[in-house]
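Following: one structure in structure tokens, then a few remarks.
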Amino acid sequence: MQPMSSATAKLAAKAAAILAVGALSLTACGGSSTPAASSAGGVQLINAGKLTVCSDVPYEPFEFQKDGKIVGFDMDIAAEVAKDLKAELSVVDSSFEAIETGTALTGCDVSISSVSITDTRKAVMDFSNPYMDDDLTLVASEASGIKDIDSAKGKKVGVQQATTGAKYAQEKGIDAQQFEDSGLLVQALQAGTVDAALGNQSVLAYAIKDDAKYKRVENYATGEKLGIAIKKGNTAMADQVNSTLKRLTDDGSLKKYETTWFGEAAK
């Protein structure tokens, strides 16, 4: 997530307790006062035998509750990091403000919550290698006849106000209809009040992935990348997280997770 991005809309309901993933039991936030070394690479964990992950729940499709479990793209990755550490995965429901300022890392080993890598954030926390490019995408219905940004001119194109998508549309000479949040933008697309929507793939690709009427017709690189936040100077954890991300990239798992949660990318 990043301020002034179309991937910033948050659902209001927030759980107050610490939540566990899968069949894990609830875990106290404080944990043991003395960090305990895990069995993988000498990484020190706040709670012995557990990888404690801060995440801002819910934020579909990255992290949200389903059938009593926390699931999503980020959670798939978090589970793999925990597996490589030979640790249980315990998820702490944190505010995004605490995550982006780094204060969440006083009680968590890492923060995994669609966190965009920025210079401001890098001043107070370290980041893993990027695990997702959150570029812009243009989504349109088959009936609209829109195939690319040029053919969208003169059509009804929706964007979320004050976002990179709105800025990009303006730069390309598109007089787009602006919506207050991504939910309203998606509703307008599905209702047919706009022919196309331009915004971050993390929101729009998930919104249309099960609806064959809509396609991602074109992508636009903006340089927005997501990373796993790690306490400043914790090189052992950074190395372990990057090792997991490399494994997931090399064996195709990361691409599989992207397809599961965001659908197929535009060709």
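Identifiers in this document derive from the order of the structure tokens: chains are assigned A, B, ..., residues are numbered from 1 separately in each chain, and ligands are numbered from 1 in order of occurrence.
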For Asp109 (chain A), find every residue with an atom within 9 Å (counting only C-alpha atoms), except residues of its own chain fewer than 4 positions away, and show them as a PDB file with C-alpha atoms, in the first residue's frame.
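Final output, saved to out_29.pdb:
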ATOM      1  CA  GLN A  44      16.334 -14.422  16.112  1.00  0.00           C
ATOM      2  CA  LEU A  45      12.553 -14.554  16.557  1.00  0.00           C
ATOM      3  CA  ILE A  46      10.579 -12.394  18.979  1.00  0.00           C
ATOM      4  CA  ASN A  47       8.474 -15.379  20.031  1.00  0.00           C
ATOM      5  CA  LEU A  51       7.353 -16.093  12.948  1.00  0.00           C
ATOM      6  CA  THR A  52       5.330 -13.094  14.116  1.00  0.00           C
ATOM      7  CA  VAL A  53       4.054 -11.106  11.142  1.00  0.00           C
ATOM      8  CA  CYS A  54       2.338  -7.717  11.316  1.00  0.00           C
ATOM      9  CA  LEU A 105       8.372  -4.026  14.087  1.00  0.00           C
ATOM     10  CA  ALA A 229       9.490  -4.785   5.933  1.00  0.00           C
ATOM     11  CA  ILE A 230      12.221  -5.847   8.367  1.00  0.00           C
ATOM     12  CA  LYS A 231      13.684  -4.133  11.418  1.00  0.00           C
ATOM     13  CA  MET A 237      16.200 -11.964   8.750  1.00  0.00           C
TER      14      MET A 237
END
> If you run DSSP on this backbone, which residues of region 72-194 of chain A come out as strand (DSSP E), and could you give them as a ChimeraX atom specification?
Replying inline: /A:88-93,110-116,126-127,132-133,136-141,157-160,177-179
> What's the 8 Å shell around region 136-148 of chain A, counting only C-alpha atoms, without same-chain residues fewer than 4 positions away, as an NGL selection string?
Replying inline: :A and (152 or 164-165 or 195-201 or 204-205 or 213-222)
>> Here is a test: counting only C-alpha atoms, which residue of A:Val81, A:Gly158, A:Leu245, A:Tyr168 is nearest to Asp181 (chain A)?
In response: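 Going through A:Val81, A:Gly158, A:Leu245, A:Tyr168 one by one, the smallest distance to Asp181 (chain A) is for A:Gly158.
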Set the distance at 12 Å and use only C-alpha atoms: which residues neighbour Thr249 (chain A) once local chain neighbours fewer than 5 positions away are removed? I'd like the list as a PDB file with N, CA, C and O atoms, in the first residue's frame.
ATOM      1  N   ILE A  77       2.849 -16.001   0.962  1.00  0.00           N
ATOM      2  CA  ILE A  77       4.284 -15.742   1.056  1.00  0.00           C
ATOM      3  C   ILE A  77       4.752 -15.872   2.504  1.00  0.00           C
ATOM      4  O   ILE A  77       5.798 -16.482   2.790  1.00  0.00           O
ATOM      5  N   GLU A  80       5.334 -19.371   3.592  1.00  0.00           N
ATOM      6  CA  GLU A  80       6.558 -19.964   3.047  1.00  0.00           C
ATOM      7  C   GLU A  80       7.794 -19.488   3.818  1.00  0.00           C
ATOM      8  O   GLU A  80       8.737 -20.257   4.035  1.00  0.00           O
ATOM      9  N   ASN A 129      13.978  -7.903  -0.991  1.00  0.00           N
ATOM     10  CA  ASN A 129      13.881  -7.658  -2.419  1.00  0.00           C
ATOM     11  C   ASN A 129      12.395  -7.555  -2.788  1.00  0.00           C
ATOM     12  O   ASN A 129      11.553  -8.187  -2.141  1.00  0.00           O
ATOM     13  N   PRO A 130      12.041  -6.760  -3.801  1.00  0.00           N
ATOM     14  CA  PRO A 130      10.628  -6.640  -4.177  1.00  0.00           C
ATOM     15  C   PRO A 130      10.035  -7.993  -4.543  1.00  0.00           C
ATOM     16  O   PRO A 130      10.695  -8.826  -5.171  1.00  0.00           O
ATOM     17  N   TYR A 131       8.790  -8.230  -4.133  1.00  0.00           N
ATOM     18  CA  TYR A 131       8.128  -9.481  -4.493  1.00  0.00           C
ATOM     19  C   TYR A 131       6.969  -9.264  -5.447  1.00  0.00           C
ATOM     20  O   TYR A 131       6.365 -10.233  -5.922  1.00  0.00           O
ATOM     21  N   MET A 132       6.647  -7.987  -5.745  1.00  0.00           N
ATOM     22  CA  MET A 132       5.585  -7.723  -6.707  1.00  0.00           C
ATOM     23  C   MET A 132       5.730  -6.313  -7.261  1.00  0.00           C
ATOM     24  O   MET A 132       6.000  -5.381  -6.515  1.00  0.00           O
ATOM     25  N   ASN A 242      14.827 -13.038   1.800  1.00  0.00           N
ATOM     26  CA  ASN A 242      15.217 -12.990   0.388  1.00  0.00           C
ATOM     27  C   ASN A 242      15.474 -14.379  -0.174  1.00  0.00           C
ATOM     28  O   ASN A 242      15.193 -14.640  -1.354  1.00  0.00           O
ATOM     29  N   SER A 243      16.000 -15.275   0.663  1.00  0.00           N
ATOM     30  CA  SER A 243      16.225 -16.653   0.230  1.00  0.00           C
ATOM     31  C   SER A 243      14.899 -17.329  -0.101  1.00  0.00           C
ATOM     32  O   SER A 243      14.775 -18.030  -1.115  1.00  0.00           O
ATOM     33  N   THR A 244      13.882 -17.102   0.737  1.00  0.00           N
ATOM     34  CA  THR A 244      12.561 -17.671   0.478  1.00  0.00           C
ATOM     35  C   THR A 244      11.968 -17.091  -0.800  1.00  0.00           C
ATOM     36  O   THR A 244      11.413 -17.822  -1.634  1.00  0.00           O
ATOM     37  N   LEU A 254       5.711 -18.184  -6.840  1.00  0.00           N
ATOM     38  CA  LEU A 254       5.281 -16.794  -6.745  1.00  0.00           C
ATOM     39  C   LEU A 254       4.363 -16.429  -7.903  1.00  0.00           C
ATOM     40  O   LEU A 254       3.335 -15.755  -7.713  1.00  0.00           O
ATOM     41  N   LYS A 255       4.698 -16.874  -9.100  1.00  0.00           N
ATOM     42  CA  LYS A 255       3.833 -16.627 -10.254  1.00  0.00           C
ATOM     43  C   LYS A 255       2.492 -17.331 -10.089  1.00  0.00           C
ATOM     44  O   LYS A 255       1.442 -16.784 -10.450  1.00  0.00           O
ATOM     45  N   LYS A 256       2.506 -18.516  -9.505  1.00  0.00           N
ATOM     46  CA  LYS A 256       1.260 -19.249  -9.270  1.00  0.00           C
ATOM     47  C   LYS A 256       0.368 -18.480  -8.287  1.00  0.00           C
ATOM     48  O   LYS A 256      -0.840 -18.368  -8.493  1.00  0.00           O
ATOM     49  N   TYR A 257       0.966 -17.937  -7.226  1.00  0.00           N
ATOM     50  CA  TYR A 257       0.199 -17.150  -6.264  1.00  0.00           C
ATOM     51  C   TYR A 257      -0.394 -15.905  -6.937  1.00  0.00           C
ATOM     52  O   TYR A 257      -1.550 -15.541  -6.686  1.00  0.00           O
ATOM     53  N   GLU A 258       0.393 -15.248  -7.778  1.00  0.00           N
ATOM     54  CA  GLU A 258      -0.103 -14.056  -8.476  1.00  0.00           C
ATOM     55  C   GLU A 258      -1.313 -14.399  -9.345  1.00  0.00           C
ATOM     56  O   GLU A 258      -2.309 -13.669  -9.355  1.00  0.00           O
TER      57      GLU A 258
END
> In Å, how far is it from CA of Thr118 (chain A) to CA of Glu224 (chain A)?
Replying inline: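 Taking CA of Thr118 (chain A) and CA of Glu224 (chain A), their separation equals 8.6 Å.
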>> I'd like to know which of A:Ser202, A:Gln187, A:Ser55, A:Lys153 is closest to Glu171 (chain A), using only C-alpha atoms.
In response: A:Lys153
> Suppose you want the space between CA of Val57 (chain A) and CA of Ala79 (chain A); what is it in Å?
Replying inline: 15.8 Å
> With only C-alpha atoms as the basis for distance, which of A:Val159, A:Val43, A:Ala207, A:Ala87 is at the shortest distance from Gln190 (chain A)?
Replying inline: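 Result for the nearest residue to Gln190 (chain A): A:Ala207.
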> Can you list every residue in region 43-238 of chain A that DSSP puts in alpha helix (DSSP H), as a ChimeraX atom specification?
Replying inline: /A:73-84,96-101,119-122,164-171,182-191,201-208,235-238
>> Report, in Å to a single decimal, how far apart CA of Thr260 (chain A) and CA of Val203 (chain A) are.
In response: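 One can read the CA of Val203 (chain A) to CA of Thr260 (chain A) distance as 13.8 Å.
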>> as a PyMOL selection string, please: the residues near Ala78 (chain A) (cut-off 10 Å, only C-alpha atoms, same-chain neighbours under 6 positions excluded).
In response: chain A and resi 21+51-53+72+89-91+110-113+228+241+244
> Using only C-alpha atoms, which residue out of A:Gly154, A:Asp133, A:Ala212, A:Lys232 lies closest to Gly102 (chain A)?
Replying inline: A:Lys232
